[in-house]
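Data block for input.txt (compact mmCIF, C-alpha atoms):
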# COMPACT_ATOMS: atom_id res chain seq x y z
CA MET F 1 -42.26 48.94 -61.17
CA ASN F 2 -39.39 51.05 -62.52
CA LYS F 3 -35.80 49.94 -63.20
CA LYS F 4 -34.45 51.41 -59.97
CA GLN F 5 -36.89 49.35 -57.91
CA ILE F 6 -36.01 46.20 -59.84
CA TYR F 7 -32.27 46.81 -59.36
CA ALA F 8 -32.86 47.43 -55.65
CA ILE F 9 -34.75 44.14 -55.28
CA ILE F 10 -32.04 42.23 -57.19
CA GLY F 11 -29.33 43.89 -55.08
CA GLY F 12 -31.17 42.93 -51.92
CA LEU F 13 -31.49 39.32 -53.07
CA ILE F 14 -27.77 39.14 -53.91
CA GLY F 15 -26.89 40.58 -50.50
CA PHE F 16 -29.15 38.07 -48.81
CA ILE F 17 -27.58 35.18 -50.73
CA VAL F 18 -24.07 36.39 -49.82
CA LEU F 19 -25.09 36.62 -46.16
CA ILE F 20 -26.42 33.06 -46.25
CA ILE F 21 -23.18 31.83 -47.81
CA VAL F 22 -21.10 33.60 -45.14
CA ILE F 23 -23.23 32.16 -42.34
CA ILE F 24 -22.98 28.67 -43.82
CA ASN F 25 -19.18 28.97 -43.86
CA ILE F 26 -18.85 30.57 -40.43
CA ILE F 27 -21.07 28.23 -38.37
CA PRO F 28 -19.17 25.02 -39.17
CA LYS F 29 -15.92 26.78 -38.28
CA LYS F 30 -17.36 27.89 -34.97
CA GLU F 31 -18.69 24.40 -34.35
CA GLN F 32 -15.33 22.96 -35.36
CA LYS F 33 -13.53 25.29 -32.92
CA THR F 34 -16.02 24.37 -30.20
CA GLU F 35 -15.50 20.68 -30.93
CA GLU F 36 -11.74 21.16 -30.90
CA LYS F 37 -11.93 23.04 -27.62
CA THR F 38 -14.22 20.39 -26.08
CA GLY F 39 -11.98 17.67 -27.45
CA ASN F 40 -8.94 19.31 -25.88
CA LEU F 41 -10.72 19.62 -22.56
CA GLU F 42 -11.77 15.98 -22.66
CA GLU F 43 -8.26 14.93 -23.61
CA THR F 44 -6.80 16.97 -20.75
CA LYS F 45 -9.34 15.50 -18.34
CA GLU F 46 -8.53 12.00 -19.55
CA LEU F 47 -4.81 12.60 -19.07
CA GLN F 48 -5.42 13.93 -15.57
CA GLU F 49 -7.52 10.88 -14.73
CA GLN F 50 -4.80 8.59 -16.06
CA GLU F 51 -2.26 10.31 -13.83
CA GLU F 52 -4.52 9.86 -10.82
CA LEU F 53 -5.34 6.19 -11.44
CA ASN F 54 -5.16 3.80 -8.53
CA ILE F 55 -2.01 1.67 -8.68
CA PHE F 56 -4.24 -1.44 -8.93
CA GLU F 57 -6.93 0.25 -11.06
CA GLU F 58 -6.95 -2.21 -13.95
CA PHE F 59 -7.72 -5.07 -11.56
CA TYR F 60 -10.65 -3.59 -9.66
CA ASP F 61 -13.42 -4.85 -11.95
CA VAL F 62 -12.31 -8.46 -11.60
CA SER F 63 -11.62 -7.90 -7.90
CA ARG F 64 -15.13 -6.57 -7.27
CA GLU F 65 -16.59 -9.54 -9.12
CA LYS F 66 -14.61 -11.97 -6.98
CA VAL F 67 -15.44 -10.22 -3.70
CA SER F 68 -19.15 -10.04 -4.61
CA LYS F 69 -19.22 -13.86 -4.48
CA MET F 70 -17.64 -14.02 -1.02
CA THR F 71 -19.47 -14.44 2.26
CA LEU F 72 -19.01 -11.81 4.97
CA ASP F 73 -16.73 -14.22 6.85
CA GLU F 74 -14.54 -14.65 3.77
CA LYS F 75 -14.32 -10.89 3.23
CA ILE F 76 -13.35 -10.35 6.86
CA GLY F 77 -10.71 -13.05 6.59
CA GLN F 78 -9.04 -11.28 3.65
CA ILE F 79 -8.36 -8.12 5.65
CA PHE F 80 -6.17 -9.91 8.20
CA LEU F 81 -2.44 -10.63 8.09
CA VAL F 82 -2.11 -13.09 10.94
CA ARG F 83 0.94 -14.11 12.95
CA TYR F 84 1.75 -17.68 11.97
CA PRO F 85 0.14 -20.06 14.51
CA GLU F 86 2.36 -22.65 16.19
CA LYS F 87 0.05 -25.50 15.17
CA LYS F 88 -2.91 -26.32 12.92
CA GLN F 89 -1.86 -23.65 10.42
CA VAL F 90 -3.71 -25.25 7.49
CA GLU F 91 -6.86 -26.06 9.45
CA THR F 92 -7.00 -22.53 10.84
CA LEU F 93 -6.48 -21.06 7.39
CA LYS F 94 -9.29 -23.13 5.88
CA GLU F 95 -11.63 -22.02 8.66
CA TYR F 96 -10.88 -18.28 8.53
CA ASN F 97 -9.62 -17.62 4.96
CA PHE F 98 -6.96 -15.12 6.02
CA GLY F 99 -5.50 -12.63 3.57
CA GLY F 100 -2.08 -13.80 4.65
CA TYR F 101 0.28 -15.19 7.25
CA LEU F 102 3.13 -13.23 8.86
CA LEU F 103 6.13 -15.42 9.74
CA PHE F 104 8.79 -14.67 12.35
CA GLU F 105 12.26 -15.98 13.13
CA LYS F 106 10.92 -18.86 15.22
CA ASP F 107 8.94 -20.09 12.21
CA PHE F 108 12.17 -20.65 10.24
CA LYS F 109 14.46 -21.77 13.05
CA ASN F 110 16.56 -24.85 12.18
CA LYS F 111 14.41 -25.64 9.13
CA LYS F 112 15.85 -26.61 5.75
CA GLU F 113 15.02 -24.83 2.51
CA GLU F 114 12.93 -27.68 1.08
CA GLU F 115 11.02 -28.01 4.35
CA ILE F 116 9.99 -24.35 4.27
CA LYS F 117 9.10 -24.43 0.57
CA GLU F 118 6.92 -27.49 1.08
CA GLU F 119 5.21 -25.89 4.10
CA ILE F 120 4.39 -22.68 2.21
CA ASN F 121 3.35 -24.51 -0.96
CA ASN F 122 0.94 -26.60 1.11
CA LEU F 123 -0.59 -23.47 2.60
CA GLN F 124 -1.11 -21.99 -0.87
CA LYS F 125 -2.60 -25.23 -2.15
CA GLU F 126 -5.16 -25.34 0.66
CA SER F 127 -6.10 -21.63 0.55
CA LYS F 128 -9.22 -20.58 -1.37
CA VAL F 129 -7.50 -17.31 -2.31
CA PRO F 130 -3.70 -17.18 -2.75
CA LEU F 131 -2.03 -16.07 0.47
CA LEU F 132 0.25 -13.20 1.26
CA ILE F 133 3.26 -14.78 2.95
CA ALA F 134 5.00 -11.96 4.79
CA VAL F 135 8.19 -11.45 6.78
CA ASP F 136 10.25 -8.59 8.22
CA GLU F 137 13.54 -9.04 6.38
CA GLU F 138 14.98 -5.55 6.81
CA GLY F 139 18.63 -6.54 7.09
CA GLY F 140 20.87 -5.92 10.09
CA LYS F 141 19.00 -6.04 13.37
CA VAL F 142 15.77 -7.49 11.93
CA VAL F 143 16.35 -10.63 9.83
CA ARG F 144 13.56 -13.16 10.31
CA VAL F 145 14.68 -15.54 7.55
CA SER F 146 18.39 -15.09 6.87
CA SER F 147 19.10 -15.55 10.59
CA ASN F 148 18.79 -19.29 9.78
CA LYS F 149 22.21 -20.46 8.54
CA ASN F 150 20.56 -23.41 6.81
CA LEU F 151 19.03 -20.89 4.43
CA ARG F 152 21.85 -18.36 3.98
CA ASP F 153 25.50 -18.30 4.98
CA GLU F 154 25.22 -14.81 6.44
CA LYS F 155 22.44 -12.47 7.49
CA PHE F 156 21.42 -9.65 5.18
CA LYS F 157 23.20 -6.46 6.11
CA SER F 158 21.56 -3.30 7.45
CA PRO F 159 20.80 -0.36 5.15
CA ARG F 160 23.57 1.60 6.85
CA GLU F 161 26.20 -1.12 6.24
CA LEU F 162 25.18 -1.45 2.59
CA TYR F 163 25.31 2.29 2.03
CA GLU F 164 28.78 2.52 3.52
CA GLU F 165 29.92 -0.39 1.31
CA GLY F 166 28.70 0.94 -2.02
CA GLY F 167 26.00 3.57 -1.78
CA PHE F 168 22.63 3.15 -3.43
CA GLU F 169 23.91 0.80 -6.12
CA ARG F 170 24.86 -1.67 -3.39
CA ILE F 171 21.42 -1.20 -1.81
CA LYS F 172 19.73 -1.97 -5.15
CA GLU F 173 21.85 -5.11 -5.60
CA ASP F 174 20.96 -6.24 -2.08
CA THR F 175 17.23 -5.66 -2.71
CA LYS F 176 17.30 -7.81 -5.84
CA GLU F 177 19.28 -10.54 -4.07
CA LYS F 178 16.89 -10.45 -1.11
CA SER F 179 13.89 -10.70 -3.42
CA ARG F 180 15.31 -13.78 -5.16
CA PHE F 181 16.06 -15.35 -1.80
CA LEU F 182 12.55 -14.76 -0.42
CA GLU F 183 10.75 -15.65 -3.64
CA ASN F 184 12.59 -18.98 -3.83
CA LEU F 185 11.08 -19.91 -0.46
CA GLY F 186 7.57 -18.83 -1.46
CA ILE F 187 7.56 -15.51 0.44
CA ASN F 188 5.88 -12.71 -1.50
CA LEU F 189 5.72 -9.75 0.91
CA ASN F 190 8.56 -8.06 2.78
CA LEU F 191 7.63 -5.60 5.53
CA ALA F 192 10.62 -3.43 4.67
CA PRO F 193 12.30 -1.01 4.05
CA VAL F 194 12.38 1.21 7.11
CA VAL F 195 12.33 4.72 5.61
CA ASP F 196 12.15 6.59 8.90
CA VAL F 197 14.62 9.44 9.24
CA SER F 198 16.98 8.99 12.18
CA THR F 199 20.43 10.53 12.53
CA ASN F 200 20.88 10.14 16.27
CA GLU F 201 22.49 6.88 17.39
CA SER F 202 20.52 6.99 20.65
CA ASP F 203 17.18 6.75 18.79
CA TYR F 204 15.35 3.44 19.18
CA MET F 205 14.92 3.16 15.41
CA TYR F 206 18.39 4.35 14.36
CA ASN F 207 20.00 0.93 13.77
CA ARG F 208 17.16 -0.07 11.46
CA THR F 209 17.38 3.05 9.29
CA LEU F 210 19.82 4.39 6.73
CA GLY F 211 21.07 6.72 9.48
CA GLU F 212 21.06 9.71 7.14
CA GLY F 213 18.92 12.82 6.64
CA THR F 214 15.71 13.23 4.68
CA ALA F 215 17.20 13.68 1.21
CA LEU F 216 19.35 10.54 1.28
CA THR F 217 16.66 8.48 3.03
CA SER F 218 14.23 9.53 0.29
CA THR F 219 16.67 8.25 -2.33
CA PHE F 220 16.97 5.05 -0.31
CA ALA F 221 13.18 4.58 -0.41
CA LYS F 222 13.11 5.15 -4.16
CA SER F 223 16.07 2.81 -4.76
CA VAL F 224 14.54 -0.12 -2.87
CA ILE F 225 11.09 0.19 -4.45
CA GLU F 226 12.47 0.53 -7.97
CA ALA F 227 14.80 -2.45 -7.50
CA SER F 228 11.98 -4.55 -6.02
CA LYS F 229 9.92 -4.19 -9.19
CA GLU F 230 12.25 -6.63 -10.96
CA GLY F 231 10.98 -9.47 -8.76
CA LYS F 232 7.69 -10.81 -7.41
CA VAL F 233 8.21 -9.80 -3.79
CA SER F 234 6.38 -6.64 -2.72
CA TYR F 235 8.07 -4.22 -0.33
CA THR F 236 6.48 -2.07 2.36
CA LEU F 237 7.49 1.45 3.36
CA LYS F 238 7.41 1.88 7.13
CA HIS F 239 6.62 3.34 9.69
CA PHE F 240 4.27 6.08 8.48
CA PRO F 241 4.25 9.01 9.11
CA GLY F 242 7.87 8.59 10.29
CA TYR F 243 9.24 7.12 13.51
CA GLY F 244 11.90 9.72 14.28
CA ASN F 245 13.21 9.56 17.85
CA ASN F 246 10.12 7.99 19.39
CA LEU F 247 10.15 5.21 21.98
CA ASP F 248 9.67 1.49 21.32
CA THR F 249 5.92 1.01 20.75
CA HIS F 250 6.29 -2.75 21.21
CA LYS F 251 6.27 -1.96 24.92
CA THR F 252 4.48 1.33 25.51
CA SER F 253 2.79 4.35 23.99
CA SER F 254 4.97 7.02 22.38
CA THR F 255 4.13 10.57 21.32
CA ASP F 256 5.75 12.52 18.49
CA THR F 257 5.64 16.21 19.41
CA LYS F 258 7.05 17.66 16.18
CA THR F 259 4.97 20.32 14.43
CA TYR F 260 3.13 19.37 11.26
CA GLU F 261 5.49 21.61 9.30
CA GLU F 262 8.47 19.69 10.70
CA ILE F 263 6.87 16.36 9.80
CA CYS F 264 6.13 17.58 6.27
CA GLU F 265 9.71 18.75 5.87
CA LYS F 266 11.57 15.90 7.57
CA ASP F 267 9.47 12.72 7.55
CA LEU F 268 6.91 12.68 4.74
CA PRO F 269 9.29 13.14 1.76
CA THR F 270 10.74 9.64 2.18
CA PHE F 271 7.27 8.12 1.82
CA LYS F 272 6.37 10.45 -1.04
CA GLU F 273 9.50 9.40 -2.94
CA GLY F 274 8.67 5.72 -2.38
CA ILE F 275 5.07 6.22 -3.49
CA GLU F 276 6.16 7.92 -6.69
CA ALA F 277 8.52 5.00 -7.35
CA GLY F 278 5.54 2.61 -7.22
CA ALA F 279 5.25 1.48 -3.59
CA GLU F 280 2.40 -1.00 -3.21
CA ALA F 281 2.14 -1.00 0.58
CA ILE F 282 2.79 1.28 3.55
CA LEU F 283 2.81 0.22 7.20
CA VAL F 284 1.56 2.73 9.79
CA SER F 285 3.15 3.08 13.22
CA HIS F 286 1.49 3.12 16.64
CA ASN F 287 3.04 6.49 17.56
CA ILE F 288 0.70 9.30 18.57
CA VAL F 289 1.49 12.25 16.31
CA SER F 290 0.19 15.18 18.34
CA SER F 291 0.23 17.76 15.53
CA ILE F 292 -2.13 15.60 13.44
CA ASP F 293 -4.13 13.61 16.00
CA GLY F 294 -3.29 13.96 19.67
CA GLU F 295 -5.72 11.27 20.82
CA ASN F 296 -5.15 8.19 18.67
CA PRO F 297 -2.08 6.18 17.67
CA ALA F 298 -1.31 6.70 13.98
CA SER F 299 -2.47 3.19 13.11
CA LEU F 300 -5.93 3.95 14.54
CA SER F 301 -6.19 7.55 13.36
CA LYS F 302 -8.43 8.56 10.48
CA LYS F 303 -6.62 11.91 10.25
CA ILE F 304 -3.26 10.18 9.72
CA HIS F 305 -4.75 8.03 6.96
CA GLU F 306 -6.23 11.12 5.31
CA VAL F 307 -2.73 12.62 5.12
CA LEU F 308 -1.51 9.46 3.41
CA ARG F 309 -4.41 9.22 0.97
CA GLU F 310 -5.17 12.89 0.28
CA GLU F 311 -1.86 14.68 0.75
CA LEU F 312 0.53 12.00 -0.51
CA LYS F 313 -2.00 10.49 -2.99
CA PHE F 314 -1.20 6.93 -1.95
CA SER F 315 -3.60 4.43 -3.52
CA GLY F 316 -1.97 1.16 -2.45
CA VAL F 317 -2.48 -1.02 0.62
CA ILE F 318 -2.25 0.51 4.10
CA ILE F 319 -1.14 -1.96 6.77
CA THR F 320 -1.30 -1.54 10.54
CA ASP F 321 1.64 -2.36 12.70
CA ASP F 322 0.84 -5.40 14.87
CA LEU F 323 -2.16 -4.68 17.12
CA TYR F 324 -0.60 -7.03 19.66
CA MET F 325 2.03 -4.40 20.46
CA GLY F 326 1.96 -2.63 23.81
CA ALA F 327 1.06 0.82 22.47
CA VAL F 328 -2.42 -0.35 21.38
CA ALA F 329 -2.97 -3.76 22.99
CA LYS F 330 -4.96 -2.32 25.90
CA ASP F 331 -7.47 -0.61 23.62
CA ASN F 332 -10.50 -2.92 23.60
CA GLU F 333 -11.71 -1.48 20.29
CA ALA F 334 -8.34 -1.29 18.53
CA VAL F 335 -9.32 -3.61 15.69
CA ILE F 336 -12.61 -1.74 15.09
CA LYS F 337 -10.78 1.60 15.10
CA ALA F 338 -8.18 0.16 12.70
CA VAL F 339 -10.92 -0.68 10.20
CA ASN F 340 -12.70 2.65 10.50
CA ALA F 341 -9.44 4.64 10.37
CA GLY F 342 -8.79 3.55 6.79
CA ASN F 343 -6.41 0.58 6.96
CA ASP F 344 -6.71 -2.22 4.40
CA LEU F 345 -4.73 -5.01 6.05
CA ILE F 346 -4.62 -5.55 9.81
CA ILE F 347 -1.81 -7.42 11.54
CA VAL F 348 -3.03 -9.42 14.54
CA THR F 349 -1.97 -12.29 16.76
CA ASP F 350 -5.29 -13.07 18.46
CA TYR F 351 -7.21 -13.61 15.21
CA GLU F 352 -10.22 -15.36 16.79
CA LYS F 353 -11.00 -12.46 19.11
CA SER F 354 -10.31 -9.85 16.39
CA ILE F 355 -12.51 -11.51 13.78
CA GLU F 356 -15.36 -11.93 16.23
CA GLU F 357 -15.10 -8.25 17.21
CA ILE F 358 -15.32 -7.22 13.54
CA LYS F 359 -18.39 -9.39 12.93
CA GLU F 360 -20.13 -8.03 16.04
CA ALA F 361 -19.26 -4.46 15.02
CA VAL F 362 -20.72 -4.98 11.54
CA ASN F 363 -23.93 -6.44 13.01
CA ALA F 364 -24.15 -3.57 15.51
CA GLY F 365 -23.58 -0.92 12.84
CA LYS F 366 -20.23 0.22 14.26
CA ILE F 367 -18.59 -0.82 11.00
CA ASP F 368 -20.28 -0.46 7.62
CA GLU F 369 -20.17 -3.76 5.72
CA ASN F 370 -19.33 -1.74 2.60
CA ARG F 371 -16.12 -0.72 4.35
CA ILE F 372 -15.14 -4.39 4.72
CA GLU F 373 -15.92 -4.93 1.03
CA ARG F 374 -13.70 -2.01 -0.03
CA MET F 375 -10.85 -3.38 2.07
CA ALA F 376 -11.22 -6.87 0.64
CA GLU F 377 -11.43 -5.49 -2.90
CA ARG F 378 -8.14 -3.64 -2.52
CA ILE F 379 -6.41 -6.73 -1.11
CA ILE F 380 -7.75 -8.92 -3.93
CA ALA F 381 -6.86 -6.28 -6.56
CA TRP F 382 -3.34 -6.24 -5.11
CA LYS F 383 -3.12 -10.02 -5.44
CA TYR F 384 -4.16 -9.75 -9.10
CA TYR F 385 -1.59 -7.00 -9.61
CA LYS F 386 1.09 -9.21 -8.09
CA GLY F 387 0.12 -12.10 -10.37
CA MET F 388 -0.91 -14.24 -7.42
CA ILE F 389 -4.41 -14.66 -8.86
CA LYS F 390 -4.67 -15.43 -12.57

Take the structure in the file and write it out as structure tokens.
Amino acid sequence: MNKKQIYAIIGGLIGFIVLIIVIINIIPKKEQKTEEKTGNLEETKELQEQEELNIFEEFYDVSREKVSKMTLDEKIGQIFLVRYPEKKQVETLKEYNFGGYLLFEKDFKNKKEEEIKEEINNLQKESKVPLLIAVDEEGGKVVRVSSNKNLRDEKFKSPRELYEEGGFERIKEDTKEKSRFLENLGINLNLAPVVDVSTNESDYMYNRTLGEGTALTSTFAKSVIEASKEGKVSYTLKHFPGYGNNLDTHKTSSTDTKTYEEICEKDLPTFKEGIEAGAEAILVSHNIVSSIDGENPASLSKKIHEVLREELKFSGVIITDDLYMGAVAKDNEAVIKAVNAGNDLIIVTDYEKSIEEIKEAVNAGKIDENRIERMAERIIAWKYYKGMIK
């Protein structure tokens, strides 16, 4: 072998060694970049998931565990918010394990503060799961509790009156005062505020609204929800997807004929603003909204609930308006439809009939038992979120 051949072999070996060194240095950098890229993607995904978390997300594990130990009857009981019976309230509660009681003006009439507190405390003491104690204390026309002068010198004022007195700051002050008042009595859920947009004094709902357009009513929704977070009383945006100028559904059916575009522009923003402020509950009306579902009242419409869940990204508790009301009372399957539509909490008066219908529907396969479980889990998770269950 001559010198040239030897030099060529040595040169080749040196080149090969250099190539190996380059590859060794390049691969880790590529892997590092890949890891960094993957890490960034995972971080972005995690942030997106955090933004999309259910409002009660951190309480679902413990909620599922609690619900898994319940009987079907107990699960069904949790999905009902029942009008307060005139007698045997404790006995009825112990038999049916309701999610909560809804009290009206007659339930407070002429009673003293201590009498009401004792009555509610006794209910909570006898309930297996802490109860939602709910009222409609909107202010103005609808004042179930402050109508009793033994409890408050004057009734809470309407949103319109408060706004004219001092704008949204006055509304925030009123919300905090109302929360303290209700909480002192043992009430933990207010079916208010009314965030429907109504600017026409002839509208059925006008006197219960702010009486202003969409932008100001949206600020009203945000103001009430934000102010409510300082207390332990939950507030409920109503009446989804917006009542507008519809008729009184306590008496008869009513149809909203606005286009979907009009609803998106005029009615939905108030709910969206409230949701973004942390609303825990939304109550759905009995109006038929023809541009979304021309056959079913909103409270019984799956399409309406899809708008609320998918378009507005609401993850809290959906509540029906009272199924005793005229717009739905004649529907023999109203309570079954309410479950299958996507509600979580159903307001009823005739609880015995409603509960029996649910049990029969589950046994007949008209309602999936898993659906009842999901409803109960959300109600229980809400109660953990509220600090009702420790």

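Of note, CA of Asn363 (chain F) and CA of Asn340 (chain F) are spaced 14.7 Å apart.
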
Next on the checklist: Between F:Val143, F:Leu182, F:Met325, F:Leu210, which residue has the minimum interatomic distance to Glu164 (chain F), considering all atoms listed in the file?
Outcome noted: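 Checking each candidate against Glu164 (chain F), we get F:Leu210 as the closest.
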
Next on the checklist: So that I can see what lies close to Arg378 (chain F), please list as an NGL selection string the residues with an atom at most 12 Å from it, counting all atoms listed in the file and leaving out residues fewer than 6 positions away in the same chain.
Outcome noted: :F and (54-64 or 66-67 or 75 or 78-79 or 99 or 280-281 or 315-319 or 342-345 or 371-372 or 384-385)

Item to check | Cut-off 7 Å around (-2.9, -9.1, 10.7) with all atoms listed in the file: residues as a PyMOL selection string | outcome: chain F and resi 80-83+322+345-349

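Using all atoms listed in the file, the shortest contact distance between Glu356 (chain F) and any of F:Glu119, F:Glu377, F:Glu333, F:Asp293 is found at F:Glu333.
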
Regenerate region 304-313 of chain F at the level of all heavy atoms and dump it as a PDB file, in the coordinates of the input.
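After the write, rebuild_12.pdb holds the following:
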ATOM      1  N   ILE F 304      -4.560  10.618  10.245  1.00  0.00           N
ATOM      2  CA  ILE F 304      -3.260  10.180   9.720  1.00  0.00           C
ATOM      3  C   ILE F 304      -3.453   9.535   8.346  1.00  0.00           C
ATOM      4  O   ILE F 304      -2.697   9.786   7.404  1.00  0.00           O
ATOM      5  CB  ILE F 304      -2.586   9.170  10.679  1.00  0.00           C
ATOM      6  CG1 ILE F 304      -2.177   9.852  11.987  1.00  0.00           C
ATOM      7  CG2 ILE F 304      -1.382   8.504   9.999  1.00  0.00           C
ATOM      8  CD1 ILE F 304      -0.994  10.788  11.884  1.00  0.00           C
ATOM      9  N   HIS F 305      -4.489   8.717   8.228  1.00  0.00           N
ATOM     10  CA  HIS F 305      -4.750   8.030   6.960  1.00  0.00           C
ATOM     11  C   HIS F 305      -5.173   9.020   5.869  1.00  0.00           C
ATOM     12  O   HIS F 305      -4.868   8.815   4.686  1.00  0.00           O
ATOM     13  CB  HIS F 305      -5.809   6.945   7.154  1.00  0.00           C
ATOM     14  CG  HIS F 305      -5.296   5.767   7.932  1.00  0.00           C
ATOM     15  ND1 HIS F 305      -5.036   5.829   9.278  1.00  0.00           N
ATOM     16  CD2 HIS F 305      -4.962   4.512   7.539  1.00  0.00           C
ATOM     17  CE1 HIS F 305      -4.579   4.654   9.693  1.00  0.00           C
ATOM     18  NE2 HIS F 305      -4.520   3.845   8.653  1.00  0.00           N
ATOM     19  N   GLU F 306      -5.849  10.082   6.274  1.00  0.00           N
ATOM     20  CA  GLU F 306      -6.230  11.120   5.310  1.00  0.00           C
ATOM     21  C   GLU F 306      -4.988  11.817   4.748  1.00  0.00           C
ATOM     22  O   GLU F 306      -4.948  12.165   3.570  1.00  0.00           O
ATOM     23  CB  GLU F 306      -7.166  12.135   5.975  1.00  0.00           C
ATOM     24  CG  GLU F 306      -8.579  11.591   6.168  1.00  0.00           C
ATOM     25  CD  GLU F 306      -9.464  12.515   6.992  1.00  0.00           C
ATOM     26  OE1 GLU F 306      -8.928  13.511   7.549  1.00  0.00           O
ATOM     27  OE2 GLU F 306     -10.671  12.244   7.099  1.00  0.00           O
ATOM     28  N   VAL F 307      -3.989  12.023   5.590  1.00  0.00           N
ATOM     29  CA  VAL F 307      -2.730  12.620   5.120  1.00  0.00           C
ATOM     30  C   VAL F 307      -2.106  11.711   4.061  1.00  0.00           C
ATOM     31  O   VAL F 307      -1.661  12.164   2.999  1.00  0.00           O
ATOM     32  CB  VAL F 307      -1.741  12.830   6.285  1.00  0.00           C
ATOM     33  CG1 VAL F 307      -0.359  13.226   5.753  1.00  0.00           C
ATOM     34  CG2 VAL F 307      -2.256  13.902   7.232  1.00  0.00           C
ATOM     35  N   LEU F 308      -2.107  10.421   4.330  1.00  0.00           N
ATOM     36  CA  LEU F 308      -1.510   9.460   3.410  1.00  0.00           C
ATOM     37  C   LEU F 308      -2.274   9.364   2.098  1.00  0.00           C
ATOM     38  O   LEU F 308      -1.677   9.339   1.015  1.00  0.00           O
ATOM     39  CB  LEU F 308      -1.450   8.089   4.096  1.00  0.00           C
ATOM     40  CG  LEU F 308      -0.750   6.945   3.361  1.00  0.00           C
ATOM     41  CD1 LEU F 308       0.618   7.347   2.843  1.00  0.00           C
ATOM     42  CD2 LEU F 308      -0.647   5.722   4.270  1.00  0.00           C
ATOM     43  N   ARG F 309      -3.586   9.352   2.176  1.00  0.00           N
ATOM     44  CA  ARG F 309      -4.410   9.220   0.970  1.00  0.00           C
ATOM     45  C   ARG F 309      -4.533  10.550   0.205  1.00  0.00           C
ATOM     46  O   ARG F 309      -4.383  10.589  -1.020  1.00  0.00           O
ATOM     47  CB  ARG F 309      -5.819   8.736   1.326  1.00  0.00           C
ATOM     48  CG  ARG F 309      -5.905   7.314   1.836  1.00  0.00           C
ATOM     49  CD  ARG F 309      -5.589   6.294   0.785  1.00  0.00           C
ATOM     50  NE  ARG F 309      -5.901   4.933   1.223  1.00  0.00           N
ATOM     51  CZ  ARG F 309      -5.312   3.857   0.759  1.00  0.00           C
ATOM     52  NH1 ARG F 309      -4.358   3.954  -0.158  1.00  0.00           N
ATOM     53  NH2 ARG F 309      -5.649   2.652   1.195  1.00  0.00           N
ATOM     54  N   GLU F 310      -4.828  11.624   0.930  1.00  0.00           N
ATOM     55  CA  GLU F 310      -5.170  12.890   0.280  1.00  0.00           C
ATOM     56  C   GLU F 310      -3.953  13.776   0.007  1.00  0.00           C
ATOM     57  O   GLU F 310      -3.886  14.417  -1.041  1.00  0.00           O
ATOM     58  CB  GLU F 310      -6.199  13.639   1.129  1.00  0.00           C
ATOM     59  CG  GLU F 310      -7.528  12.884   1.248  1.00  0.00           C
ATOM     60  CD  GLU F 310      -8.491  13.512   2.219  1.00  0.00           C
ATOM     61  OE1 GLU F 310      -8.266  14.689   2.609  1.00  0.00           O
ATOM     62  OE2 GLU F 310      -9.457  12.835   2.633  1.00  0.00           O
ATOM     63  N   GLU F 311      -3.031  13.828   0.938  1.00  0.00           N
ATOM     64  CA  GLU F 311      -1.860  14.680   0.750  1.00  0.00           C
ATOM     65  C   GLU F 311      -0.787  13.998  -0.092  1.00  0.00           C
ATOM     66  O   GLU F 311      -0.205  14.595  -0.985  1.00  0.00           O
ATOM     67  CB  GLU F 311      -1.282  15.095   2.105  1.00  0.00           C
ATOM     68  CG  GLU F 311      -2.236  15.883   2.992  1.00  0.00           C
ATOM     69  CD  GLU F 311      -2.652  17.211   2.373  1.00  0.00           C
ATOM     70  OE1 GLU F 311      -1.806  17.861   1.736  1.00  0.00           O
ATOM     71  OE2 GLU F 311      -3.833  17.583   2.532  1.00  0.00           O
ATOM     72  N   LEU F 312      -0.522  12.723   0.204  1.00  0.00           N
ATOM     73  CA  LEU F 312       0.530  12.000  -0.510  1.00  0.00           C
ATOM     74  C   LEU F 312      -0.007  11.201  -1.698  1.00  0.00           C
ATOM     75  O   LEU F 312       0.768  10.613  -2.448  1.00  0.00           O
ATOM     76  CB  LEU F 312       1.290  11.070   0.436  1.00  0.00           C
ATOM     77  CG  LEU F 312       2.484  11.702   1.168  1.00  0.00           C
ATOM     78  CD1 LEU F 312       2.016  12.827   2.094  1.00  0.00           C
ATOM     79  CD2 LEU F 312       3.252  10.662   1.950  1.00  0.00           C
ATOM     80  N   LYS F 313      -1.348  11.152  -1.849  1.00  0.00           N
ATOM     81  CA  LYS F 313      -2.000  10.490  -2.990  1.00  0.00           C
ATOM     82  C   LYS F 313      -1.651   9.005  -3.084  1.00  0.00           C
ATOM     83  O   LYS F 313      -1.527   8.449  -4.178  1.00  0.00           O
ATOM     84  CB  LYS F 313      -1.628  11.185  -4.314  1.00  0.00           C
ATOM     85  CG  LYS F 313      -1.877  12.681  -4.348  1.00  0.00           C
ATOM     86  CD  LYS F 313      -3.349  13.020  -4.155  1.00  0.00           C
ATOM     87  CE  LYS F 313      -3.598  14.521  -4.211  1.00  0.00           C
ATOM     88  NZ  LYS F 313      -5.001  14.882  -3.861  1.00  0.00           N
TER      89      LYS F 313
END
